[in-house]
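The block underneath contains the structure these notes are about, expressed in structure tokens.
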Amino acid sequence: MATILATQQGGGGGEDTGSILVRVQDELRHLKDQINSSGGVIDVEAFTAAISRTEKAVQGKAEELLSAQQNHVMTLPTVNTAPSVVSTAPAGGRGGGGGYKTRYPVAQLHKTPGQVVKDQWVSRMVAAPLRQPSNVNARKIIEEQFGVSKPKERLALPPISPPKPLMGPTVKGSPPLPKANRLNPRLTPPAITEKDAKRGILSLCERGLIPPAAELTLEPSPIKQRAAHIHYQGPLNLERIADAQELEHTMVGVQLDSSVHEMQMMPPHPPVGPRIITASVPLRGKSGASSSIKMINTPFSALSPNPPPLGPPQTPALLKSRKFTIQNGRAVTENAEFDDFRKEFATQWSVIAPCLQDLEEFLAKYAVPVAVVEGESLVRLAMKYRMEMRPSSEELIDCCTNQVSILSTIATPGQIYKGPQGHQLAASKIQATYRMYQERLRYLEYRECQKAASLISMKWLMVMKMTNVRTELKMSRAKYLVKFRERQLELKNNWESMKTKKKVIIHLPSRGYSQAIRDSLVDYHNLQNSQMGRICDVNDPNVEVIYISPIDLDTDMQQYYMKLLGMGVSDQGDNLPENANKVKFLVPDHLDKFPGLNFCLSSLLLYSAQTMKRLKRLIAGKTAYILPGITHRDDLELSEKLNVPVLGAEPDIVNLFSTKSGAKRIFNSAGVSVPPSEFDIYTEEQLFELLSSLVASNLNIKRWVFKIDGEFDGRGTAYCDVTQFLSCHKWALKQAERYGNKWGKRWAQEPTIIKIYSELPEIIYNNLKVVNRTLFPSIDKFLVAFTKSGGVIEACPPSDDVTCITVDMFVDPTGNVEIRNTGDQIRATEFQTWAISSPQTSIAPIRLHSNCVAVGKACYDRAIIGYVSATFATFMLPGSEEQQLWAIDLKIQYTDTMALANVLQYVTGGCFDTATGLFKIPPYKVMPELSSRFKSPKERQPPNYRFAILSPRLFHSNLSLVHYSVFFQMCRAHHIGYDIREREGAIFTLIDSYKRDLLGMAVVEPDLPKALKTFQRNLTTVHQEISSANMPGRNNFLALAAEVDTILSSLNVDQEEEKKEEGEKK
């Protein structure tokens, strides 16, 4: 019987066709059963009737489907017709054969092989055009034979251009926040209306009606919290074991028994009623019917022990499926299903049995209640390994159909301990866990020991490496020191001849303070660059200068100093030739590579390889030496790499004698007068004890000064008026009067020292005044720094009129001492000097000169050469007309005042005369066009000496708002400048090219009062031009101007007294 299976893509006939085929299958099965039961006797009438019913039903449905799909009818032939009958009809009619063209080949004719090949070739040639719908011949054949005409061609539609995008907003915006609220957020925002509330919280926040920092809470909250179940602890659900199709032949009659352990662990809850699970499964063997299988899911506590199940009933479908059940770790073998499976694979059973045993052991190990095994999968797995290797647990689970329930059971915590070997496994697990805990403790202890050992070894390696590095550094520095001393000896031997030779001076204004001091300094590089006046050494025709700058010099600064170099005057009064080409400025290329470290200039130059190469090229083949600021140990290495000597002392010597205590040693060895003092104090007990002795020995001294070693410019200075707060001071004076000349003995002062010592700690802790409160905000911190670094206690001069004198000296390598400059200090604040009036006029020049030469000789005896600056204090001793001169400080360095004095000497052509103590300039040569101005030879020769006010570090924060070009225009407008012909006026030195808040100023005039007035006028004028009442700025201009005003007042008083004395004499 021939059948045609028609498929329909979207219609509803597919369901009817399926039901017809099912009925046909049922009827054929029914006929087969009748034939088998009748023993071979066939009922022809029943057979014929069944075939005719099937033919009619299938033929009718097939015609409907084919006519709906292809718009033509294809009829099935009858059963008793020839198999090769083909009937075709055009699309226009249905039903009988009136309009059909029918071909009925009755019998298959015999053809030769050649005819067969020819027919095949002809059929291919005829069918070839039919496969091409666009072919004209194929389209004719389709239209003639099948009545299908060519569809009309669709005309191509014109391209539709995309619509233009709409520009602008598509949603109406919300009104913004009022302007007053936008400008002042502190105002109360406007009220929120119901219309605004409907727009949502986001709109309110964007408009600013709700502040950005507001905490919003949604009521009710969109997030609901509830307890989460981590593990399922209820009874086993049979629905998760197998699907409904498996229930038909696997779960019927299966009794799930709980283990004894589960029965003991389950709580005694009342039994819960059974839940019925219904599954609708189509039964095989019955036409159009299905059976409903009901299973009762009873909790384990409600189950009663029953005998082992016998497995599913034996059905043909079950036998074909080759599935069997494993319950409680044992295969259910007492049923026909397992027997048939074993018989079918009896030849491979020796291979299957070990695999099945592994599966049973695995399921029993995890106490899996039921597992449905797919026999074919088990056989494939067994044949794969063939007893060579044991399959994995994943592969064993893949052989089961209820993998989901098995995996969920296995994943339950503690499931492995519910099996038959559960107690042993639990005991093993406990023992293993305890052993792991013990081993973990041992491992942690071992790891700590190993970590400690590694740290010790690393520390030891670092110590050894640092030791090796320190050893190498010591060796290299010792080598550099030896070479340094050799070059200094050579410099000493060749110094006289070097004065007349061409030479190069490498000016290195480095300040090699200790690291602690450098870290506490602000604008450290500007402090080093305050000696730009060094370049004026080119007034010597045999000298070239290389200036190493600690900051980048912009074009304006370089042009200014080039103009300054064009203002030089020789010692004969002639204008110096152009000296700009004799000065070279070098900036270390690694200047900005170490931010925040405050490296001194020597270190930066040493680390700048390109600058070092350029410096070597500039001094190649020339006589040169380095003129440092404060010598640093890196200067030794620079000297070695450049192969030039250093005109200065060794770094260790400088660090020793440039401290306050070291200066006392030099003064004592020089034999100059010093104030009553004690030095090298390192403990508070020593401080109070020595101070008590000093106070007892000098009861007339009211103020005592404390100075920290290593500090400078009054940074580490404090003072205290001890006798003012000493309750036993009057008693001590009576004791001193009582003992008379014997008061200098220690035994006479002992009771007084004890009483003073008992009062000193309280007086110091309560009344000590620190000069620099920024560096030492409290007395305790000052005393800690004092005892840590060491310090000096010295007496303040017992007079209200004290003048401090600065003397800049030069100790050449041969030991000659030359005084280059002197000046009286002008102090804007206590113990801090901001300017000097040069030359000094406070004491006889001969007396000052003798003391300076003695100090210079003492320095030379300690291998100190180069520039040295000494500070003296002079005053009139109360009760007598004797003038005292105390040496109070010593600086072994090139000072800022020396650099500014160098500029003064360059632009005036003068020098300091040690015999008269005046700054003399060469005779003024009158130019021809100006000779008519002078009426007499006396007027033709103005005074040959000058007085100057030198201030190397003037500070004003508002200067940073004014460019240098604007600043000089302002100075010219107010007649602030230097007159080259008269050699009078003001000269500036620029320090910083970025902030521009620091500068130096030198004022030169024929007499001291005029110089002071000019200096004061310049300060006040500049301050008024760059400041206002609302923005005065931080500066030292006003304080200096006030101090100068005080000095001018005292000078006027002195001049009036002199005039009175002269009048009385006359």
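Chain lettering (A, B, ...) mirrors the order of the structure tokens, residue numbering begins at 1 for each chain separately, and ligand numbering begins at 1 in order of display.
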
Among range 572-702 of chain A, which residues carry a DSSP assignment of helix (DSSP H, G or I), reported as a PyMOL selection string? chain A and resi 580-582+601-607+609-618+633-642+651-657+660-670+684-697

Considering only C-alpha atoms, return as a ChimeraX atom specification whatever protein or nucleic-acid residues lie within 8 Å of Tyr366 in chain A, sequence-local ones (same chain, fewer than 6 positions apart) excluded. /A:409-410,415-419

Selection near Asp1045 in chain A, 9 Å with only C-alpha atoms, sequence-local residues under 3 positions removed, as a list in words: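 So, after excluding close chain neighbours, the residues are Leu1012, Lys1013, Gln1016, Leu1040, Ala1041, Ala1042, Leu1048, Ser1049 and Ser1050 of chain A.
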
Report as a PyMOL selection string all protein, DNA and RNA residues lying within 9 Å of Ser174 in chain A, evaluated on only C-alpha atoms, omitting residues in the same chain fewer than 6 positions from it. chain A and resi 196+199+203+207

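For the choices A:Tyr513, A:Trp731, A:Phe912, A:Tyr524, the atom-to-atom distance to Thr631 in chain A is smallest for A:Tyr513 when using only C-alpha atoms.
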
Can you list, as a list in words, every protein, DNA or RNA residue that comes within 7 Å of range 1031-1036 of chain A when you count only C-alpha atoms, leaving out same-chain residues fewer than 2 positions away? Leu954, Phe955, His956, Ser957, Asn958, Ser1027, Ser1028, Ala1029, Leu1038, Ala1039 and Leu1040 of chain A
